[in-house]
Amino acid sequence: MRKAIKPAVFCACLVPFCWLFYLVWTNNLGPDPGEALAKESGEWTFRFLLATLAITPVQQFTGWRITNRYRRMIGLFSLFYASAHFLVYLMFVLGFRWGTLYTEILERPYITVGFSAFVILVALGITSPKAMLRKLGKNWKRLHRLIYVAAVLAMIHMIWILRSDFGEALIYGTVLTLLLGYRAVNWLRKRNRKLRLARGS
Amino acid sequence: MLIKKPSDIKPSEITPESVYRNRRQFMADTGALAIGAIAAGGLPGLAIAQDGDALKARAPVSLSRSAPAAWWEPKFANIKPAPDSGPFYTGEALTPYEDVTRYNNFYEFGMDKGDPSSNSGRFEVDPWSIEIAGECGRPGTYTLEDILKPHDLEERIYRLRCVEAWSMVIPWIGFPLADLLKRFEPTSRARYVEFQTAVDRDTMPGVRSPFSIIDWPYQEGLRIDEAMNELAFMAVGLYGNYLPPQNGAPIRLVVPWKYGFKSIKSIVRINFVEEQPNTSWNDLQANEYGFYANVNPNVHHPRWRQDTERRLPHTLFSRPIIDTRLFNGYGEQVAHLYEGMDLARYY
Ligand code: HEM
């Protein structure tokens with residue numbers, strides 16, 4: 001039973017990808033599948049990012065012990081969808097005109113922040129194997145805190161693309177604020193406790 | 001969020017490119033198509049041209065709309081077909097009817113491209129009237145029947161370039177905007193024309209959205225010489241058929257050398273004014289959407305590069321990216337309007 005959980009979670013994470021692939025394959029994404037895919041892959045990237053950030057609070061609230069294996073897997077899926085998003089961008093926005101990628105990253109602020117978020121996810125992905133954890137020691141944790149930065153950059157990226165209706169962004173923004181706020185509160189509490197202990201001694 | 005479009009028929013089956021290439025080709029193809037249709041077990045709704053019908057394209061029979069009111073029918077019975085060359089014809093493959101009518105930006109009906117076609121079913125286009133106001137000799141409120149009465153309808157095939165960097169090719173039915181405006185005798189003080197879209201909270205969910213930051217009603221405007229240009233067109237139909245609500249029924253503007261948001265839909269007010277009018281997107285974000293909004297590959301929008309565009313429809317495997325042309329390829333007709341103007345400043 002236990003052994004079945006991991007493959008099941010893995011497959012569940014692939015469902016959106018397979019579904020999108022099916023829709024594209026059968027010509028069911030409308031006349032501009034490029035745009036539809038950009039939007040869907042971007043949203044799934046962010047959802048997986050939020051899911052990754054939700055693991056710690058869920059663990060602490062419910063008492064479930066979700067092992068780091070799942071955190072890593074879900075985080076890597078965020079990178080997976082981000083890579084799909086980037087590929088869609090290269091294909092249907094840039095048409096593989098590589099020369100423009102450089103200027104786009106430099107000159108278009110929402111691409112700059114989106115790309116920065118992507119670079120962070122890539123760095124976290126590369127350093128995610130256990131061997132890297134052992135190698136980096138204390139620095140591993142520091143490096144992987146960059147996921148907070150990636151999430152905030154991605155949120156800015158999404159807000160910058162808004163046209164005139166902010167309903168969806170409001171929902172994503174609220175969830176992200178709760179997840180980051182939870183950590184901020186924890187951190188402040190810990191610090192206060194330390195300060196109190198220091199004063200008491 | 002996904003665009004749900006149950007299309008088991010490939011667009012290419014419904015509107016073969018060859019049909020549009022030119023009229024002679026069309027005539028030659030008709031027979032072959034009919035045979036093909038029979039062989040395929042009868043394609044749903046491919047309209048075969050009837051005798052004397054030389055329109056470049058017709059809506060599929062199964063999807064064609066009935067007249068909003070009886071007086072429309074004689075108007076549509078006699079449409080002058082698009083020529084085989086010149087600015088009213090592009091020579092490019094048309095975007096299929098299904099895509100033109102199911103992939104729309106019309107935020108009054110919702111934000112997603114599929115929303116306008118799904119949400120506009122209850123929108124009433126009859127009766128309809130237009131208020132003519134401002135610096136002109138004959139202001140007043142006119143019924144749409146009166147507005148259309150003196151105008152003969154013609155077909156024109158134009159490129160439509162959206163500021164979001166996608167484009168279509170559409171066979172419109174309508175008449176020149178200049179012919180309409182002249183009837184109201186604009187005075188010498190009429191330096192601009194302002195247009196307004198209908199607002200109806202009951203039938204327009206986008207207008208009710210608490211998260212929308214557009215200040216309805218939607219407004220657009222043109223300089224008077226732009227409005228009088230031969231390309232500026234008032235459309236009342238597409239693909240030989242009446243406009244569906246999502247495409248701006250019953251009457252809309254088409255200015256093919258400008259980004260799509262200038263081509264205001266479902267018009268209820270035309271106002272001749274002396275000063276440059278406020279326009280919705282410009283009010284919302286002046287650094288992104290200019291008043292002129294001429295298609296220009298050299299001036300980028302903060303969100304979208306403008307030197308290329310995706311020609312729709314495309315698939316995962318087609319290479320849809322093509323170069324965008326200055327004034328959307330209509331420079332010969334309109335470049336003189338902007339002589340001496342810095343197009344990077346007046347974007
Ligand atoms: C890893 C972090 C990223 C996340 C979470 C993310 C998320 C999103 C989301 C949710 C959207 C859809 C917005 C909407 O239309 O409602 C979007 C759109 C977009 N993203 Fe990203 N993105 C990321 C990285 C990138 C990168 C690296 C690029 C390119 C270099 C990029 C380019 C785009 C573009 C061009 C669009 C707009 C598509 C359109 O015009 O509709 N994104 N992104």
# chains A, B, ... in the order shown; residues from 1 in each chain; ligands from 1
>>> closest_atom_pairs(of="chain A", to="ligand 1", cutoff="8 Å", atoms="only C-alpha atoms and all ligand atoms", output="Markdown table")
| residue | atom | partner | partner_atom_place_in_ligand_line | distance |
| --- | --- | --- | --- | --- |
| A:Glu35 | CA | ligand 1 | 41 (O) | 5.3 |
| A:Ala36 | CA | ligand 1 | 41 (O) | 7.4 |
| A:Ala38 | CA | ligand 1 | 38 (C) | 5.2 |
| A:Lys39 | CA | ligand 1 | 12 (C) | 4.0 |
| A:Glu40 | CA | ligand 1 | 12 (C) | 6.8 |
| A:Ser41 | CA | ligand 1 | 9 (C) | 7.1 |
| A:Gly42 | CA | ligand 1 | 8 (C) | 3.5 |
| A:Glu43 | CA | ligand 1 | 10 (C) | 3.7 |
| A:Trp44 | CA | ligand 1 | 10 (C) | 7.2 |
| A:Thr45 | CA | ligand 1 | 5 (C) | 4.8 |
| A:Phe46 | CA | ligand 1 | 5 (C) | 4.0 |
| A:Arg47 | CA | ligand 1 | 5 (C) | 7.8 |
| A:Leu49 | CA | ligand 1 | 5 (C) | 7.3 |
| A:Ser78 | CA | ligand 1 | 1 (C) | 7.6 |
| A:Leu79 | CA | ligand 1 | 1 (C) | 7.0 |
| A:Ala82 | CA | ligand 1 | 1 (C) | 4.9 |
| A:Ser83 | CA | ligand 1 | 27 (C) | 7.8 |
| A:His85 | CA | ligand 1 | 42 (N) | 6.3 |
| A:Phe86 | CA | ligand 1 | 29 (C) | 5.2 |
| A:Tyr89 | CA | ligand 1 | 35 (C) | 5.6 |
| A:Leu90 | CA | ligand 1 | 29 (C) | 7.6 |
| A:Val93 | CA | ligand 1 | 35 (C) | 6.5 |
| A:Leu101 | CA | ligand 1 | 30 (C) | 7.5 |
| A:Glu104 | CA | ligand 1 | 30 (C) | 7.8 |
| A:Ile105 | CA | ligand 1 | 30 (C) | 6.7 |
| A:Tyr110 | CA | ligand 1 | 32 (C) | 7.7 |
| A:Ile111 | CA | ligand 1 | 30 (C) | 5.2 |
| A:Thr112 | CA | ligand 1 | 30 (C) | 7.3 |
| A:Val113 | CA | ligand 1 | 24 (C) | 7.7 |
| A:Gly114 | CA | ligand 1 | 24 (C) | 3.9 |
| A:Phe115 | CA | ligand 1 | 27 (C) | 3.6 |
| A:Ser116 | CA | ligand 1 | 27 (C) | 7.0 |
| A:Ala117 | CA | ligand 1 | 1 (C) | 4.8 |
| A:Phe118 | CA | ligand 1 | 1 (C) | 4.0 |
| A:Val119 | CA | ligand 1 | 27 (C) | 7.7 |
| A:Leu121 | CA | ligand 1 | 1 (C) | 6.7 |
| A:Ala150 | CA | ligand 1 | 2 (C) | 7.0 |
| A:Ala151 | CA | ligand 1 | 5 (C) | 7.2 |
| A:Leu153 | CA | ligand 1 | 2 (C) | 7.6 |
| A:Ala154 | CA | ligand 1 | 5 (C) | 4.6 |
| A:Met155 | CA | ligand 1 | 5 (C) | 6.9 |
| A:His157 | CA | ligand 1 | 22 (N) | 6.5 |
| A:Met158 | CA | ligand 1 | 13 (C) | 5.3 |
| A:Ile159 | CA | ligand 1 | 13 (C) | 7.9 |
| A:Ile161 | CA | ligand 1 | 13 (C) | 5.9 |
| A:Leu162 | CA | ligand 1 | 16 (O) | 6.4 |
| A:Glu168 | CA | ligand 1 | 16 (O) | 7.6 |
| A:Ala169 | CA | ligand 1 | 16 (O) | 7.8 |
>>> interface_residues(of="chain A", to="chain B", cutoff="8 Å", atoms="only C-alpha atoms", output="PyMOL selection string")
chain A and resi 24-25+27-34+36+40+92-95+108+110+161+164-167
>>> residues_around(residues="B:Arg65", least_positions_apart="4", cutoff="10 Å", atoms="only C-alpha atoms", output="ChimeraX atom specification")
/B:59-61,241-244
>>> atom_distance(atom1="atom CA of B:Asn282", atom2="atom CA of B:Phe261")
10.5 Å
